[in-house]
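K.L.:
I'd like to ask you about the structure that follows.
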Amino acid sequence: MLAAYGGDVPIEDVEAGDLRSGDVVRGDDPQAHRVERVVRVGARVVLEMRPVGLEISEAVRVTLPVDGLVMRLGMAAD
């Protein structure tokens, strides 16, 4: 998947509260997901995501602590 970017991809651990729509992340599983929506609810963040490279009809919804770490594989601006 990273080879598809055609160069170096900034991979970093970020707090869930710092994610934006379009970011590509990896959580507890090895599948990369593109963030479609981020909603902050108090001290938690609800992420709606779709797996990269897979066609699914429903977005995956995950709730994380705002300061919970997620591996970001790329940013919406990349």
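Chain labels run A, B, ... following the order of the structure tokens; each chain numbers its residues from 1, and ligands are numbered from 1 in the order shown.
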Just want the 9 Å neighbourhood of Val14 of chain A, counted on only C-alpha atoms, with same-chain residues fewer than 6 positions away dropped. Output as a list of chain:residue names.
P.N.:
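Within the cut-off, the hits are A:Asp67, A:Gly68, A:Leu69, A:Val70, A:Met71, A:Arg72.
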K.L.:
Which neighbours of segment 49-58 of chain A fall inside 8 Å, counting only C-alpha atoms, when residues of the same chain fewer than 2 positions from it are skipped, and could you give them as a short mmCIF file (atom, residue, chain, number, x, y, z; two decimals) with N, CA and C atoms, in the first residue's frame?
P.N.:
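Writing done, so here's selection-v4.cif:
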```cif
data_model
loop_
_atom_site.label_atom_id
_atom_site.label_comp_id
_atom_site.auth_asym_id
_atom_site.auth_seq_id
_atom_site.Cartn_x
_atom_site.Cartn_y
_atom_site.Cartn_z
N GLN A 31 -5.08 -3.60 8.72
CA GLN A 31 -5.75 -2.95 7.59
C GLN A 31 -5.68 -1.43 7.72
N ALA A 32 -5.29 -0.76 6.67
CA ALA A 32 -5.30 0.71 6.65
C ALA A 32 -6.70 1.19 6.32
N HIS A 33 -7.11 2.30 6.92
CA HIS A 33 -8.43 2.88 6.70
C HIS A 33 -8.29 4.36 6.37
N ARG A 34 -9.15 4.84 5.47
CA ARG A 34 -9.21 6.28 5.18
C ARG A 34 -10.33 6.87 6.03
N VAL A 35 -10.01 7.90 6.80
CA VAL A 35 -10.99 8.55 7.67
C VAL A 35 -11.94 9.39 6.82
N GLU A 36 -13.23 9.15 6.98
CA GLU A 36 -14.24 9.92 6.25
C GLU A 36 -14.84 11.03 7.10
N ARG A 37 -14.98 10.76 8.40
CA ARG A 37 -15.60 11.75 9.28
C ARG A 37 -15.00 11.62 10.67
N LEU A 47 -14.76 8.07 14.87
CA LEU A 47 -14.20 8.06 13.52
C LEU A 47 -15.07 7.18 12.63
N VAL A 60 -16.93 1.91 8.67
CA VAL A 60 -16.59 1.35 9.97
C VAL A 60 -16.59 2.51 10.96
N ARG A 61 -17.25 2.35 12.09
CA ARG A 61 -17.31 3.41 13.10
C ARG A 61 -16.56 2.94 14.35
#
```
K.L.:
Measuring atom to atom with only C-alpha atoms, identify which of A:Gly22, A:Pro30, A:Gly74, A:Gly17 is nearest to Val45 of chain A.
P.N.:
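Smallest separation from Val45 of chain A among the options: A:Gly17.
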K.L.:
Using Å and a single decimal, report how far atom CA of Ile11 of chain A sits from atom CA of Pro65 of chain A.
P.N.:
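One can read the atom CA of Pro65 of chain A to atom CA of Ile11 of chain A distance as 20.3 Å.
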K.L.:
Can you check which residues of segment 5-61 of chain A DSSP gives as strand (DSSP E or B) on the backbone and send them as a list in words?
P.N.:
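The residues of segment 5-61 of chain A classed as strand (DSSP E or B) are Glu12, Asp13, Val14, Glu15, Val24, Val25, Arg26, Ala32, His33, Arg34, Val35, Glu36, Arg37, Val38, Val39, Arg40, Val41, Arg44, Val45, Val46, Leu47, Glu48, Met49, Arg50, Pro51, Val60 and Arg61 of chain A.
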K.L.:
How would the residues just picked look written out with N, CA, C and O atoms as a short mmCIF file (atom, residue, chain, number, x, y, z; two decimals), in the first residue's frame?
P.N.:
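Output below, filename out-v5.cif:
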```cif
data_model
loop_
_atom_site.label_atom_id
_atom_site.label_comp_id
_atom_site.auth_asym_id
_atom_site.auth_seq_id
_atom_site.Cartn_x
_atom_site.Cartn_y
_atom_site.Cartn_z
N GLU A 12 3.42 8.27 11.53
CA GLU A 12 3.62 8.75 12.89
C GLU A 12 2.44 8.35 13.75
O GLU A 12 1.34 8.14 13.27
N ASP A 13 2.72 8.23 15.04
CA ASP A 13 1.64 8.01 16.00
C ASP A 13 1.07 9.37 16.38
O ASP A 13 1.82 10.28 16.76
N VAL A 14 -0.23 9.51 16.25
CA VAL A 14 -0.89 10.78 16.58
C VAL A 14 -2.07 10.50 17.50
O VAL A 14 -2.60 9.39 17.54
N GLU A 15 -2.49 11.52 18.22
CA GLU A 15 -3.68 11.38 19.06
C GLU A 15 -4.91 11.38 18.17
O GLU A 15 -4.97 12.10 17.16
N VAL A 24 -5.13 8.68 6.40
CA VAL A 24 -5.07 7.22 6.31
C VAL A 24 -4.44 6.73 7.61
O VAL A 24 -3.35 7.18 7.98
N VAL A 25 -5.15 5.83 8.30
CA VAL A 25 -4.70 5.39 9.62
C VAL A 25 -4.71 3.87 9.73
O VAL A 25 -5.36 3.17 8.95
N ARG A 26 -3.99 3.40 10.72
CA ARG A 26 -4.03 1.98 11.08
C ARG A 26 -4.24 1.93 12.59
O ARG A 26 -3.52 2.58 13.35
N ALA A 32 -5.29 -0.76 6.67
CA ALA A 32 -5.30 0.71 6.65
C ALA A 32 -6.70 1.19 6.32
O ALA A 32 -7.42 0.56 5.53
N HIS A 33 -7.11 2.30 6.92
CA HIS A 33 -8.43 2.88 6.70
C HIS A 33 -8.29 4.36 6.37
O HIS A 33 -7.44 5.05 6.93
N ARG A 34 -9.15 4.84 5.47
CA ARG A 34 -9.21 6.28 5.18
C ARG A 34 -10.33 6.87 6.03
O ARG A 34 -11.47 6.40 6.00
N VAL A 35 -10.01 7.90 6.80
CA VAL A 35 -10.99 8.55 7.67
C VAL A 35 -11.94 9.39 6.82
O VAL A 35 -11.50 10.20 6.02
N GLU A 36 -13.23 9.15 6.98
CA GLU A 36 -14.24 9.92 6.25
C GLU A 36 -14.84 11.03 7.10
O GLU A 36 -15.19 12.07 6.60
N ARG A 37 -14.98 10.76 8.40
CA ARG A 37 -15.60 11.75 9.28
C ARG A 37 -15.00 11.62 10.67
O ARG A 37 -14.73 10.52 11.14
N VAL A 38 -14.80 12.75 11.33
CA VAL A 38 -14.30 12.80 12.70
C VAL A 38 -15.25 13.67 13.51
O VAL A 38 -15.51 14.81 13.15
N VAL A 39 -15.79 13.11 14.59
CA VAL A 39 -16.70 13.86 15.45
C VAL A 39 -16.18 13.75 16.88
O VAL A 39 -16.00 12.64 17.39
N ARG A 40 -15.95 14.89 17.51
CA ARG A 40 -15.50 14.89 18.91
C ARG A 40 -16.72 14.98 19.81
O ARG A 40 -17.57 15.85 19.64
N VAL A 41 -16.79 14.06 20.78
CA VAL A 41 -17.88 14.02 21.75
C VAL A 41 -17.25 13.98 23.14
O VAL A 41 -16.86 12.91 23.62
N ARG A 44 -14.00 11.91 23.91
CA ARG A 44 -13.90 10.81 22.96
C ARG A 44 -14.04 11.34 21.54
O ARG A 44 -14.59 12.41 21.30
N VAL A 45 -13.54 10.55 20.59
CA VAL A 45 -13.63 10.88 19.17
C VAL A 45 -14.28 9.71 18.44
O VAL A 45 -13.89 8.56 18.66
N VAL A 46 -15.27 10.01 17.63
CA VAL A 46 -15.90 8.98 16.81
C VAL A 46 -15.36 9.14 15.39
O VAL A 46 -15.44 10.21 14.80
N LEU A 47 -14.76 8.07 14.87
CA LEU A 47 -14.20 8.06 13.52
C LEU A 47 -15.07 7.18 12.63
O LEU A 47 -15.41 6.06 13.02
N GLU A 48 -15.42 7.69 11.45
CA GLU A 48 -16.04 6.85 10.43
C GLU A 48 -15.01 6.66 9.35
O GLU A 48 -14.45 7.63 8.84
N MET A 49 -14.72 5.39 9.01
CA MET A 49 -13.62 5.07 8.10
C MET A 49 -14.03 3.98 7.13
O MET A 49 -14.96 3.23 7.39
N ARG A 50 -13.28 3.91 6.03
CA ARG A 50 -13.45 2.81 5.07
C ARG A 50 -12.07 2.19 4.82
O ARG A 50 -11.08 2.90 4.70
N PRO A 51 -12.01 0.87 4.72
CA PRO A 51 -10.73 0.21 4.45
C PRO A 51 -10.15 0.64 3.10
O PRO A 51 -10.89 0.77 2.12
N VAL A 60 -16.93 1.91 8.67
CA VAL A 60 -16.59 1.35 9.97
C VAL A 60 -16.59 2.51 10.96
O VAL A 60 -16.00 3.56 10.70
N ARG A 61 -17.25 2.35 12.09
CA ARG A 61 -17.31 3.41 13.10
C ARG A 61 -16.56 2.94 14.35
O ARG A 61 -16.83 1.86 14.86
#
```
